[in-house]
file upload-v7.csv (CSV, C-alpha atoms)
chain,number,residue,atom,x,y,z
Q,1393,MET,CA,-10.5,9.1,41.1
Q,1394,LEU,CA,-12.3,6.8,38.7
Q,1395,ALA,CA,-9.9,7.7,35.9
Q,1396,LEU,CA,-6.8,6.7,38.0
Q,1397,PRO,CA,-7.1,2.9,37.3
Q,1398,ALA,CA,-7.4,3.5,33.6
Q,1399,PHE,CA,-4.4,5.9,33.7
Q,1400,ALA,CA,-2.3,3.3,35.6
Q,1401,ALA,CA,-3.2,0.7,32.9
Q,1402,LEU,CA,-2.0,3.0,30.2
Q,1403,CYS,CA,1.3,3.5,31.9
Q,1404,GLY,CA,2.3,0.1,30.7
Q,1405,CYS,CA,1.8,1.0,27.1
Q,1406,ASN,CA,4.9,1.5,24.9
Q,1407,MET,CA,5.4,5.1,24.1
Q,1408,ILE,CA,7.9,4.5,21.3
Q,1409,VAL,CA,5.8,6.4,18.8
Q,1410,LEU,CA,6.2,9.5,20.8
Q,1411,ASP,CA,9.9,8.7,21.7
Q,1412,PRO,CA,11.3,7.4,18.5
Q,1413,ALA,CA,14.9,6.7,17.2
Q,1414,GLY,CA,14.5,8.3,13.8
Q,1415,ASP,CA,14.0,11.8,12.5
Q,1416,VAL,CA,11.1,10.8,10.3
Q,1417,ALA,CA,9.2,9.1,13.1
Q,1418,ARG,CA,10.0,12.0,15.4
Q,1419,GLN,CA,8.4,14.5,13.0
Q,1420,GLN,CA,5.4,12.2,12.7
Q,1421,GLY,CA,5.1,12.1,16.4
Q,1422,ASP,CA,5.3,15.9,16.6
Q,1423,LEU,CA,2.5,16.0,14.0
Q,1424,VAL,CA,0.3,13.8,16.2
Q,1425,ILE,CA,0.9,16.0,19.2
Q,1426,ALA,CA,0.2,19.2,17.3
Q,1427,SER,CA,-3.0,17.8,15.8
Q,1428,VAL,CA,-4.3,16.6,19.2
Q,1429,LEU,CA,-3.5,20.0,20.8
Q,1430,LEU,CA,-5.3,21.9,18.1
Q,1431,MET,CA,-8.4,19.7,18.4
Q,1432,LEU,CA,-8.3,20.0,22.2
Q,1433,LEU,CA,-8.8,23.8,21.7
Q,1434,ILE,CA,-12.3,22.9,20.7
Q,1435,ILE,CA,-13.0,19.7,22.6
Q,1436,ILE,CA,-12.0,21.0,26.1
Q,1437,PRO,CA,-14.2,24.2,26.0
Q,1438,VAL,CA,-17.1,22.2,24.6
Q,1439,MET,CA,-16.9,19.5,27.3
Q,1440,ALA,CA,-16.6,22.3,30.0
Q,1441,LEU,CA,-19.6,24.1,28.6
Q,1442,ILE,CA,-21.7,20.9,28.6
Q,1443,VAL,CA,-21.1,20.7,32.4
Q,1444,LEU,CA,-21.6,24.4,32.9
Q,1445,PHE,CA,-24.9,24.5,31.0
Q,1446,ALA,CA,-26.2,21.3,32.7
Q,1447,TRP,CA,-25.5,22.9,36.1
Q,1448,ARG,CA,-26.6,26.4,35.4
Q,1449,TYR,CA,-29.9,25.5,33.6
Q,1450,ARG,CA,-30.9,22.7,35.9
Q,1451,ALA,CA,-34.6,22.5,36.8
Q,1452,THR,CA,-34.0,23.6,40.4
Q,1453,ASN,CA,-32.2,26.8,39.5
Q,1454,THR,CA,-35.0,29.4,39.5
Q,1455,GLU,CA,-32.6,32.3,39.0
Q,1456,ALA,CA,-31.4,31.1,35.6
Q,1457,THR,CA,-32.6,33.1,32.5
Q,1458,TYR,CA,-35.6,31.5,30.9
Q,1459,GLU,CA,-36.3,32.5,27.3
Q,1460,PRO,CA,-38.4,29.8,25.6
Q,1461,ASP,CA,-38.8,31.8,22.4
Q,1462,TRP,CA,-35.1,32.4,21.8
Q,1463,ASP,CA,-33.8,30.8,18.6
Q,1464,HIS,CA,-30.9,32.8,17.2
Q,1465,SER,CA,-27.7,34.8,18.1
Q,1466,THR,CA,-25.4,36.2,15.5
Q,1467,SER,CA,-22.5,36.5,17.9
Q,1468,LEU,CA,-22.9,32.9,19.2
Q,1469,GLU,CA,-23.2,31.6,15.6
Q,1470,LEU,CA,-20.0,33.4,14.7
Q,1471,VAL,CA,-18.1,31.8,17.6
Q,1472,ILE,CA,-19.6,28.4,17.0
Q,1473,TRP,CA,-18.6,28.3,13.3
Q,1474,ALA,CA,-15.4,30.5,13.2
Q,1475,ALA,CA,-13.5,28.6,15.9
Q,1476,PRO,CA,-13.8,25.1,14.3
Q,1477,LEU,CA,-13.1,26.6,10.9
Q,1478,LEU,CA,-9.8,28.1,12.1
Q,1479,ILE,CA,-8.8,24.8,13.6
Q,1480,ILE,CA,-9.6,23.0,10.4
Q,1481,ILE,CA,-7.6,25.5,8.4
Q,1482,CYS,CA,-4.6,25.0,10.7
Q,1483,LEU,CA,-4.9,21.2,10.6
Q,1484,GLY,CA,-5.2,21.3,6.8
Q,1485,ALA,CA,-2.0,23.4,6.4
Q,1486,ILE,CA,0.0,21.2,8.8
Q,1487,THR,CA,-1.2,18.0,7.2
Q,1488,TRP,CA,-0.6,19.3,3.6
Q,1489,THR,CA,2.9,20.4,4.5
Q,1490,SER,CA,3.8,17.2,6.4
Q,1491,THR,CA,2.4,15.0,3.7
Q,1492,HIS,CA,5.0,16.3,1.3
Q,1493,LEU,CA,7.9,16.7,3.7
Q,1494,LEU,CA,7.4,13.1,5.1
Q,1495,ASP,CA,6.5,11.4,1.8
Q,1496,PRO,CA,8.1,8.0,2.1
Q,1497,TYR,CA,9.1,8.2,-1.6
Q,1498,ARG,CA,11.1,11.3,-1.0
Q,1499,PRO,CA,14.8,10.9,-0.4
Q,1500,LEU,CA,16.0,12.3,3.0
Q,1501,SER,CA,17.4,15.8,3.1
Q,1502,ARG,CA,18.4,15.4,6.8
Q,1503,THR,CA,18.9,12.7,9.4
Q,1504,GLY,CA,18.0,15.0,12.3
Q,1505,PRO,CA,17.6,18.6,13.2
Q,1506,ASN,CA,20.5,20.6,11.8
Q,1507,GLN,CA,22.0,17.4,10.4
Q,1508,PRO,CA,21.6,17.7,6.6
Q,1509,VAL,CA,22.6,14.7,4.4
Q,1510,ALA,CA,25.9,15.3,2.6
Q,1511,ALA,CA,25.8,15.2,-1.2
Q,1512,ASN,CA,28.4,12.4,-1.3
Q,1513,VAL,CA,26.5,10.1,1.1
Q,1514,LYS,CA,25.0,7.1,-0.5
Q,1515,PRO,CA,21.8,5.7,1.1
Q,1516,LEU,CA,22.0,2.1,2.4
Q,1517,GLU,CA,19.7,0.0,0.2
Q,1518,VAL,CA,17.7,-2.7,2.0
Q,1519,GLN,CA,15.4,-4.9,-0.1
Q,1520,VAL,CA,12.5,-6.2,2.0
Q,1521,VAL,CA,10.2,-9.1,1.1
Q,1522,ALA,CA,7.1,-9.9,3.2
Q,1523,LEU,CA,6.8,-13.7,3.3
Q,1524,ASP,CA,4.3,-16.0,5.0
Q,1525,TRP,CA,5.0,-15.3,7.9
Q,1526,LYS,CA,8.4,-13.8,8.1
Q,1527,TRP,CA,10.5,-11.0,6.8
Q,1528,LEU,CA,13.4,-11.3,4.3
Q,1529,PHE,CA,16.0,-8.5,4.1
Q,1530,ILE,CA,18.5,-8.4,1.2
Q,1531,TYR,CA,21.5,-6.1,1.3
Q,1532,PRO,CA,22.7,-5.8,-2.3
Q,1533,GLU,CA,25.7,-3.6,-1.4
Q,1534,GLN,CA,26.9,-6.0,1.2
Q,1535,GLY,CA,25.8,-9.1,-0.7
Q,1536,ILE,CA,24.0,-10.7,2.3
Q,1537,ALA,CA,20.5,-11.5,3.3
Q,1538,THR,CA,18.8,-12.1,6.7
Q,1539,VAL,CA,15.5,-13.4,7.9
Q,1540,ASN,CA,13.6,-11.7,10.8
Q,1541,GLU,CA,16.5,-9.4,11.5
Q,1542,MET,CA,17.9,-6.2,10.1
Q,1543,ALA,CA,20.6,-3.6,11.0
Q,1544,ALA,CA,21.6,-0.2,9.9
Q,1545,PRO,CA,24.3,2.3,10.9
Q,1546,VAL,CA,23.1,5.4,12.8
Q,1547,GLY,CA,23.1,8.6,10.8
Q,1548,ARG,CA,23.1,7.0,7.4
Q,1549,PRO,CA,20.0,7.3,5.2
Q,1550,ILE,CA,18.2,4.0,4.5
Q,1551,ARG,CA,16.3,3.4,1.3
Q,1552,PHE,CA,13.9,0.4,1.7
Q,1553,ARG,CA,12.6,-1.3,-1.4
Q,1554,ILE,CA,9.5,-3.2,-0.2
Q,1555,SER,CA,7.5,-6.0,-1.8
Q,1556,ALA,CA,5.7,-9.2,-0.9
Q,1557,SER,CA,5.5,-12.8,-2.0
Q,1558,SER,CA,1.8,-13.5,-1.8
Q,1559,VAL,CA,-0.7,-11.3,0.2
Q,1560,MET,CA,-0.5,-7.7,1.3
Q,1561,ASN,CA,1.4,-6.9,4.5
Q,1562,SER,CA,2.5,-3.6,6.2
Q,1563,PHE,CA,6.1,-3.0,7.0
Q,1564,TYR,CA,6.3,-1.0,10.2
Q,1565,ILE,CA,9.2,0.0,12.6
Q,1566,PRO,CA,7.5,2.5,14.9
Q,1567,ALA,CA,10.8,3.9,16.2
Q,1568,LEU,CA,12.0,4.6,12.6
Q,1569,ALA,CA,9.2,5.7,10.4
Q,1570,GLY,CA,5.5,5.2,9.6
Q,1571,GLN,CA,4.1,2.0,8.1
Q,1572,ILE,CA,4.1,1.3,4.4
Q,1573,TYR,CA,2.4,-1.5,2.6
Q,1574,ALA,CA,4.2,-4.5,1.1
Q,1575,MET,CA,2.3,-5.8,-1.9
Q,1576,PRO,CA,3.0,-8.6,-4.4
Q,1577,ALA,CA,4.1,-7.6,-7.9
Q,1578,MET,CA,4.7,-4.1,-6.6
Q,1579,GLU,CA,7.5,-2.2,-5.1
Q,1580,THR,CA,7.0,0.6,-2.5
Q,1581,PRO,CA,10.0,2.6,-1.2
Q,1582,LEU,CA,10.6,4.0,2.2
Q,1583,ASN,CA,13.3,6.5,3.2
Q,1584,ALA,CA,14.3,6.8,6.8
Q,1585,ALA,CA,17.4,6.9,9.2
Q,1586,PHE,CA,18.1,6.0,12.7
Q,1587,ASP,CA,19.5,8.8,14.9
Q,1588,LYS,CA,20.3,6.8,18.1
Q,1589,THR,CA,21.5,3.3,18.8
Q,1590,GLY,CA,19.3,0.5,20.2
Q,1591,VAL,CA,17.3,-2.6,19.3
Q,1592,PHE,CA,13.8,-1.8,18.1
Q,1593,GLN,CA,10.7,-3.9,17.2
Q,1594,GLY,CA,9.5,-4.3,13.7
Q,1595,PHE,CA,6.3,-6.1,12.6
Q,1596,SER,CA,3.5,-6.3,10.1
Q,1597,ALA,CA,0.6,-3.9,10.8
Q,1598,ASN,CA,-1.7,-5.6,8.3
Q,1599,TYR,CA,-3.4,-8.9,9.1
Q,1600,SER,CA,-2.2,-11.5,6.6
Q,1601,GLY,CA,-3.3,-14.9,7.8
Q,1602,HIS,CA,-2.7,-17.6,10.5
Q,1603,GLY,CA,0.9,-16.7,11.4
Q,1604,PHE,CA,0.5,-12.9,11.4
Q,1605,SER,CA,1.0,-12.5,15.1
Q,1606,LYS,CA,4.5,-14.0,14.9
Q,1607,MET,CA,5.6,-11.9,11.9
Q,1608,ARG,CA,8.0,-9.8,13.9
Q,1609,PHE,CA,11.7,-8.9,13.6
Q,1610,LYS,CA,14.5,-7.0,15.4
Q,1611,ALA,CA,15.9,-3.8,14.0
Q,1612,HIS,CA,19.4,-3.0,15.2
Q,1613,ALA,CA,20.5,0.6,15.1
Q,1614,VAL,CA,24.3,0.5,15.6
Q,1615,ASP,CA,27.4,2.6,14.8
Q,1616,GLN,CA,29.4,2.0,11.6
Q,1617,ALA,CA,31.8,-0.4,13.4
Q,1618,GLY,CA,28.9,-2.4,14.8
Q,1619,PHE,CA,27.3,-2.6,11.4
Q,1620,ASP,CA,30.5,-3.8,9.8
Q,1621,ALA,CA,30.7,-6.5,12.5
Q,1622,TRP,CA,27.1,-7.5,11.9
Q,1623,VAL,CA,27.7,-7.9,8.2
Q,1624,ALA,CA,30.9,-9.9,8.9
Q,1625,GLU,CA,28.9,-12.2,11.2
Q,1626,ALA,CA,26.3,-12.7,8.5
Q,1627,LYS,CA,29.0,-13.7,6.0
Q,1628,LYS,CA,30.1,-16.4,8.3
Q,1629,ALA,CA,26.8,-18.3,7.8
Q,1630,GLY,CA,28.1,-19.6,4.5
Q,1631,ALA,CA,24.7,-20.2,3.0
Q,1632,THR,CA,23.6,-18.8,-0.4
Q,1633,LEU,CA,20.2,-17.4,-1.1
Q,1634,ASP,CA,19.5,-18.3,-4.7
Q,1635,ARG,CA,16.2,-18.9,-6.5
Q,1636,ALA,CA,15.9,-22.5,-5.3
Q,1637,GLU,CA,16.6,-21.5,-1.7
Q,1638,TYR,CA,14.1,-18.6,-1.9
Q,1639,LEU,CA,11.3,-21.0,-3.1
Q,1640,LYS,CA,11.9,-23.1,0.0
Q,1641,LEU,CA,12.0,-20.1,2.3
Q,1642,GLU,CA,8.8,-18.7,0.7
Q,1643,ARG,CA,6.7,-21.6,2.0
Q,1644,PRO,CA,4.4,-20.6,4.8
Q,1645,SER,CA,6.0,-21.0,8.3
Q,1646,GLU,CA,5.6,-19.4,11.7
Q,1647,GLY,CA,8.0,-18.4,14.4
Q,1648,GLU,CA,11.1,-18.6,12.1
Q,1649,PRO,CA,14.4,-18.0,13.9
Q,1650,VAL,CA,16.9,-15.4,12.8
Q,1651,ARG,CA,18.8,-16.7,9.7
Q,1652,HIS,CA,21.7,-15.3,7.7
Q,1653,TYR,CA,22.9,-15.8,4.2
Q,1654,ALA,CA,26.4,-15.1,3.2
Q,1655,SER,CA,25.6,-14.4,-0.4
Q,1656,VAL,CA,22.6,-13.6,-2.6
Q,1657,GLU,CA,21.8,-14.4,-6.2
Q,1658,THR,CA,22.0,-11.3,-8.3
Q,1659,GLY,CA,18.6,-9.9,-9.3
Q,1660,LEU,CA,16.6,-12.0,-6.9
Q,1661,PHE,CA,14.6,-9.1,-5.5
Q,1662,ASP,CA,13.7,-8.0,-9.1
Q,1663,ARG,CA,12.5,-11.5,-9.9
Q,1664,VAL,CA,10.4,-11.5,-6.7
Q,1665,THR,CA,8.8,-8.2,-7.7
Q,1666,ASN,CA,8.2,-9.4,-11.2
Q,1667,MET,CA,6.8,-12.7,-9.9
Q,1668,CYS,CA,9.2,-14.9,-11.9
Q,1669,VAL,CA,11.5,-16.6,-9.3
Q,1670,GLU,CA,10.5,-20.0,-10.6
Q,1671,PRO,CA,12.6,-21.3,-13.6
Q,1672,GLY,CA,10.6,-21.0,-16.8
Q,1673,LYS,CA,8.2,-18.3,-15.5
Q,1674,MET,CA,7.6,-15.3,-17.6
Q,1675,CYS,CA,8.4,-12.0,-15.8
Q,1676,MET,CA,5.9,-9.2,-15.6
Q,1677,HIS,CA,8.3,-6.8,-17.3
Q,1678,GLN,CA,8.6,-9.3,-20.2
Q,1679,MET,CA,4.9,-9.6,-20.5
Q,1680,MET,CA,4.4,-5.8,-20.5
Q,1681,ALA,CA,7.2,-5.4,-23.1
Q,1682,LEU,CA,5.4,-7.8,-25.4
Q,1683,ASP,CA,2.1,-6.1,-24.8
Q,1684,ALA,CA,3.7,-2.7,-25.5
Q,1685,GLN,CA,4.8,-4.0,-28.9
Q,1686,GLY,CA,1.3,-5.3,-29.8
Q,1687,GLY,CA,1.6,-8.8,-28.5
Q,1688,MET,CA,2.4,-11.9,-30.5
Q,1689,GLY,CA,-0.7,-12.4,-32.4
Q,1690,LYS,CA,-2.4,-15.8,-32.6
Q,1691,ALA,CA,0.9,-17.5,-31.8
Q,1692,GLY,CA,0.8,-15.9,-28.3
Q,1693,LEU,CA,-2.7,-17.1,-27.4
Q,1694,TYR,CA,-1.4,-20.1,-25.5
Q,1695,ASN,CA,0.6,-17.8,-23.3
Q,1696,VAL,CA,-2.3,-15.9,-21.7
Q,1697,ARG,CA,-4.2,-18.9,-20.3
Q,1698,GLN,CA,-4.8,-19.4,-16.6
Q,1699,LEU,CA,-2.0,-17.9,-14.5
Q,1700,ALA,CA,-1.7,-20.0,-11.3
Q,1701,TYR,CA,1.1,-18.1,-9.5
Q,1702,ASP,CA,0.0,-19.0,-6.0
Q,1703,LYS,CA,-1.1,-22.6,-6.5
Q,1704,THR,CA,1.3,-25.1,-5.1
Q,1705,GLY,CA,3.2,-27.1,-7.7
Q,1706,ALA,CA,1.9,-25.1,-10.6
Q,1707,ARG,CA,3.8,-21.8,-10.5
Q,1708,GLY,CA,6.2,-21.2,-13.4
Q,1709,THR,CA,5.4,-24.5,-15.1
Q,1710,HIS,CA,4.2,-24.9,-18.7
Q,1711,SER,CA,2.0,-27.8,-18.0
Q,1712,HIS,CA,0.3,-29.2,-14.9
Q,1713,ASP,CA,-2.6,-31.7,-14.8
Q,1714,GLY,CA,-3.2,-31.0,-18.4
Q,1715,LYS,CA,-3.4,-27.2,-18.0
Q,1716,SER,CA,-1.1,-24.7,-19.5
Q,1717,PHE,CA,0.4,-21.7,-17.7
Q,1718,VAL,CA,2.3,-18.6,-18.5
Q,1719,GLY,CA,5.9,-19.3,-19.1
Q,1720,GLU,CA,9.1,-17.7,-20.3
Q,1721,ILE,CA,9.5,-17.4,-24.0
Q,1722,CYS,CA,13.0,-16.0,-23.9
Q,1723,ASP,CA,16.5,-16.2,-22.3
Q,1724,GLU,CA,17.2,-13.6,-19.6
Q,1725,ASP,CA,20.8,-13.4,-20.7
Q,1726,LYS,CA,20.0,-12.0,-24.1
Q,1727,PRO,CA,18.9,-8.4,-24.8
Q,1728,LEU,CA,15.1,-7.9,-24.9
Q,1729,MET,CA,15.0,-7.0,-28.5
Q,1730,ALA,CA,16.9,-10.1,-29.5
Q,1731,ARG,CA,14.7,-12.2,-27.2
Q,1732,MET,CA,11.6,-11.0,-28.9
Q,1733,GLN,CA,12.7,-12.0,-32.4
Q,1734,PRO,CA,10.8,-15.1,-33.3
Q,1735,LYS,CA,12.4,-18.1,-35.1
Q,1736,PRO,CA,11.2,-18.6,-38.7
Q,1737,GLY,CA,9.3,-21.8,-39.4
Q,1738,LYS,CA,5.9,-23.2,-40.1
Q,1739,LEU,CA,3.1,-22.7,-37.6
Q,1740,ALA,CA,1.6,-25.8,-36.0
Q,1741,PRO,CA,-2.2,-25.9,-35.4
Q,1742,LEU,CA,-3.1,-24.1,-32.2
Q,1743,THR,CA,-5.7,-25.0,-29.5
Q,1744,GLY,CA,-7.4,-22.7,-27.0
Q,1745,ALA,CA,-10.3,-20.5,-26.4
Q,1746,GLY,CA,-11.5,-18.8,-29.6
Q,1747,LEU,CA,-9.8,-21.3,-32.0
Q,1748,THR,CA,-11.9,-23.6,-34.0
Q,1749,MET,CA,-11.4,-27.4,-34.6
Q,1750,PRO,CA,-8.2,-27.9,-32.4
Q,1751,SER,CA,-6.1,-30.7,-33.9
Q,1752,ALA,CA,-2.9,-30.4,-32.0
Q,1753,LYS,CA,-1.8,-29.7,-28.4
Q,1754,PRO,CA,0.4,-26.7,-27.7
Q,1755,THR,CA,4.0,-27.5,-27.3
Q,1756,PRO,CA,5.8,-26.6,-24.0
Q,1757,THR,CA,8.0,-24.2,-25.9
Q,1758,ALA,CA,6.9,-21.0,-27.7
Q,1759,PRO,CA,5.7,-21.7,-31.2
Q,1760,SER,CA,7.3,-20.0,-34.2
Q,1761,VAL,CA,5.7,-16.8,-35.4
Q,1762,ALA,CA,4.9,-16.0,-39.0
Q,1763,SER,CA,5.8,-12.7,-40.5
Q,1764,GLU,CA,2.3,-11.3,-40.2
Q,1765,THR,CA,2.3,-11.9,-36.4
Q,1766,ARG,CA,5.9,-10.8,-35.8
Q,1767,PRO,CA,6.0,-8.1,-33.0
Q,1768,ARG,CA,7.5,-4.8,-33.9
Q,1769,PRO,CA,11.0,-4.3,-32.6
Q,1770,LEU,CA,11.7,-2.1,-29.7
Q,1771,SER,CA,12.9,1.4,-30.4

call {"tool": "encode", "arguments": {"input": "upload-v7.csv", "output": "structure tokens"}}
result
Amino acid sequence: MLALPAFAALCGCNMIVLDPAGDVARQQGDLVIASVLLMLLIIIPVMALIVLFAWRYRATNTEATYEPDWDHSTSLELVIWAAPLLIIICLGAITWTSTHLLDPYRPLSRTGPNQPVAANVKPLEVQVVALDWKWLFIYPEQGIATVNEMAAPVGRPIRFRISASSVMNSFYIPALAGQIYAMPAMETPLNAAFDKTGVFQGFSANYSGHGFSKMRFKAHAVDQAGFDAWVAEAKKAGATLDRAEYLKLERPSEGEPVRHYASVETGLFDRVTNMCVEPGKMCMHQMMALDAQGGMGKAGLYNVRQLAYDKTGARGTHSHDGKSFVGEICDEDKPLMARMQPKPGKLAPLTGAGLTMPSAKPTPTAPSVASETRPRPLS
């Protein structure tokens, strides 16, 4: 009777994790149930035996067996250790198998029981960016973008490419699949598919600051006709999500309404992931390519000074309040090998840590590089 109020309170909980709308989430729910049942095989007998022993060996029961010198029983030890060991082996086998079958990086082989993915079906790519404190969804195939709303056709595999603008978040649609982290300067994939229509809740499952509680969005699972209509409605918005608009959208805000963009600048998500949306900002892949070729010698020292990506007003600039920051040294429109070729000329005196007697300030553009500091060309 005492447990009834607690049970009544739990009846108001959302059971979406155990009644999902996607095959991946359904398999994850089955894994939770199987694990709980296996553990109950040990927990229930132990709890029952606690009550039984307390009753049977109570002080007033003079008929109970009394053996004060008893200390060992091979049969009892075998039961005590064998049963939990078998449970652990079963849990380990199930977990190991499920870890590989439900790997978020693994492309889907089915969208439901007895529903394999056809070889000619192309997954719907959805690029996701966790902002402060809202979600941005980019559909490169459809050429649109949305804020705090996404949609996908039922039965079609979805490949999410997930990143973040500043701090770590966790992308989670309980009805669709398990959570996966969204981290700046990184991309994490997630493969999933809806298997029934509906409107489902999505949110961040990782605390990320003041506006975290309002970092929610609606996930619409619709048929193909409904998805096409949703895309057409987004295209009516007329707005374009380019680099300048993204920098405005990226600013921290709470409770943002649903917003649609009719077009998206090509390569925007890759620039977000490489932390170079701002004009003049060196992309991470550029920096790594230079490092892989041995760097730029002394002529590149100015380019590894303080990186203030997340400081307002300083990101992507070459100079701010007398300080220098990492900046682009090349034109994105040219091939990388051509971009890495330095211009001939005379080196100007350099300043910076490790250089003696500075006599000139670094220029906002990349200095020329002498032959002895020329990077090796890419193979």

call {"tool": "atom_distance", "arguments": {"input": "upload-v7.csv", "atom1": "atom CA of Leu1468 of chain Q", "atom2": "atom CA of Phe1445 of chain Q"}}
result
14.6 Å

call {"tool": "closest_residue", "arguments": {"input": "upload-v7.csv", "among": "Q:Thr1503, Q:Asn1540, Q:Thr1487, Q:Ser1557", "to": "Tyr1638 of chain Q", "atoms": "all atoms listed in the file"}}
result
Q:Ser1557

call {"tool": "residues_around", "arguments": {"input": "upload-v7.csv", "residues": "Glu1637 of chain Q", "least_positions_apart": "2", "cutoff": "12 Å", "atoms": "only C-alpha atoms", "output": "PDB file with C-alpha atoms, keeping the file's coordinate frame"}}
result
ATOM      1  CA  ALA Q1537      20.500 -11.500   3.300  1.00  0.00           C
ATOM      2  CA  ALA Q1631      24.700 -20.200   3.000  1.00  0.00           C
ATOM      3  CA  THR Q1632      23.600 -18.800  -0.400  1.00  0.00           C
ATOM      4  CA  LEU Q1633      20.200 -17.400  -1.100  1.00  0.00           C
ATOM      5  CA  ASP Q1634      19.500 -18.300  -4.700  1.00  0.00           C
ATOM      6  CA  ARG Q1635      16.200 -18.900  -6.500  1.00  0.00           C
ATOM      7  CA  LEU Q1639      11.300 -21.000  -3.100  1.00  0.00           C
ATOM      8  CA  LYS Q1640      11.900 -23.100   0.000  1.00  0.00           C
ATOM      9  CA  LEU Q1641      12.000 -20.100   2.300  1.00  0.00           C
ATOM     10  CA  GLU Q1642       8.800 -18.700   0.700  1.00  0.00           C
ATOM     11  CA  ARG Q1643       6.700 -21.600   2.000  1.00  0.00           C
ATOM     12  CA  TYR Q1653      22.900 -15.800   4.200  1.00  0.00           C
ATOM     13  CA  SER Q1655      25.600 -14.400  -0.400  1.00  0.00           C
ATOM     14  CA  VAL Q1656      22.600 -13.600  -2.600  1.00  0.00           C
ATOM     15  CA  GLU Q1657      21.800 -14.400  -6.200  1.00  0.00           C
ATOM     16  CA  LEU Q1660      16.600 -12.000  -6.900  1.00  0.00           C
ATOM     17  CA  VAL Q1669      11.500 -16.600  -9.300  1.00  0.00           C
ATOM     18  CA  GLU Q1670      10.500 -20.000 -10.600  1.00  0.00           C
TER      19      GLU Q1670
END

call {"tool": "closest_residue", "arguments": {"input": "upload-v7.csv", "among": "Q:Ala1654, Q:Ala1577, Q:Leu1444, Q:Ile1550", "to": "Val1509 of chain Q", "atoms": "all atoms listed in the file"}}
result
Q:Ile1550

call {"tool": "atom_distance", "arguments": {"input": "upload-v7.csv", "atom1": "atom CA of Glu1533 of chain Q", "atom2": "atom CA of Ala1624 of chain Q"}}
result
13.1 Å

call {"tool": "atom_distance", "arguments": {"input": "upload-v7.csv", "atom1": "atom CA of His1652 of chain Q", "atom2": "atom CA of Lys1628 of chain Q"}}
result
8.5 Å

call {"tool": "residues_around", "arguments": {"input": "upload-v7.csv", "residues": "segment 1586-1591 of chain Q", "least_positions_apart": "3", "cutoff": "6 Å", "atoms": "all atoms listed in the file", "output": "list in words"}}
result
Ala1413, Gly1414, Val1546, Gly1547, Ala1611, His1612, Ala1613 and Val1614 of chain Q

call {"tool": "closest_residue", "arguments": {"input": "upload-v7.csv", "among": "Q:His1464, Q:Lys1526, Q:Arg1502, Q:Arg1450", "to": "Asp1415 of chain Q", "atoms": "all atoms listed in the file"}}
result
Q:Arg1502

call {"tool": "closest_residue", "arguments": {"input": "upload-v7.csv", "among": "Q:Ala1456, Q:Val1471, Q:Leu1477, Q:Val1521", "to": "Thr1580 of chain Q", "atoms": "only C-alpha atoms"}}
result
Q:Val1521

call {"tool": "closest_residue", "arguments": {"input": "upload-v7.csv", "among": "Q:Met1575, Q:Ala1681, Q:Ile1536, Q:Ile1565", "to": "Gly1630 of chain Q", "atoms": "only C-alpha atoms"}}
result
Q:Ile1536

call {"tool": "residues_around", "arguments": {"input": "upload-v7.csv", "residues": "Ala1426 of chain Q", "least_positions_apart": "5", "cutoff": "9 Å", "atoms": "all atoms listed in the file", "output": "list of chain:residue names"}}
result
Q:Gly1421, Q:Met1431, Q:Leu1483, Q:Ile1486

call {"tool": "residues_around", "arguments": {"input": "upload-v7.csv", "residues": "Ala1617 of chain Q", "least_positions_apart": "4", "cutoff": "9 Å", "atoms": "all atoms listed in the file", "output": "PyMOL selection string"}}
result
chain Q and resi 1545+1621-1622

call {"tool": "residues_around", "arguments": {"input": "upload-v7.csv", "residues": "Tyr1564 of chain Q", "least_positions_apart": "4", "cutoff": "12 Å", "atoms": "all atoms listed in the file", "output": "CSV table (one decimal) with C-alpha atoms, keeping the file's coordinate frame"}}
result
chain,number,residue,atom,x,y,z
Q,1409,VAL,CA,5.8,6.4,18.8
Q,1417,ALA,CA,9.2,9.1,13.1
Q,1520,VAL,CA,12.5,-6.2,2.0
Q,1522,ALA,CA,7.1,-9.9,3.2
Q,1527,TRP,CA,10.5,-11.0,6.8
Q,1552,PHE,CA,13.9,0.4,1.7
Q,1554,ILE,CA,9.5,-3.2,-0.2
Q,1568,LEU,CA,12.0,4.6,12.6
Q,1569,ALA,CA,9.2,5.7,10.4
Q,1570,GLY,CA,5.5,5.2,9.6
Q,1571,GLN,CA,4.1,2.0,8.1
Q,1572,ILE,CA,4.1,1.3,4.4
Q,1573,TYR,CA,2.4,-1.5,2.6
Q,1574,ALA,CA,4.2,-4.5,1.1
Q,1582,LEU,CA,10.6,4.0,2.2
Q,1584,ALA,CA,14.3,6.8,6.8
Q,1592,PHE,CA,13.8,-1.8,18.1
Q,1593,GLN,CA,10.7,-3.9,17.2
Q,1594,GLY,CA,9.5,-4.3,13.7
Q,1595,PHE,CA,6.3,-6.1,12.6
Q,1596,SER,CA,3.5,-6.3,10.1
Q,1597,ALA,CA,0.6,-3.9,10.8
Q,1598,ASN,CA,-1.7,-5.6,8.3
Q,1607,MET,CA,5.6,-11.9,11.9
Q,1608,ARG,CA,8.0,-9.8,13.9
Q,1609,PHE,CA,11.7,-8.9,13.6
Q,1610,LYS,CA,14.5,-7.0,15.4
Q,1611,ALA,CA,15.9,-3.8,14.0

call {"tool": "closest_residue", "arguments": {"input": "upload-v7.csv", "among": "Q:Met1667, Q:Val1539, Q:Leu1470, Q:Val1424", "to": "Gly1647 of chain Q", "atoms": "all atoms listed in the file"}}
result
Q:Val1539
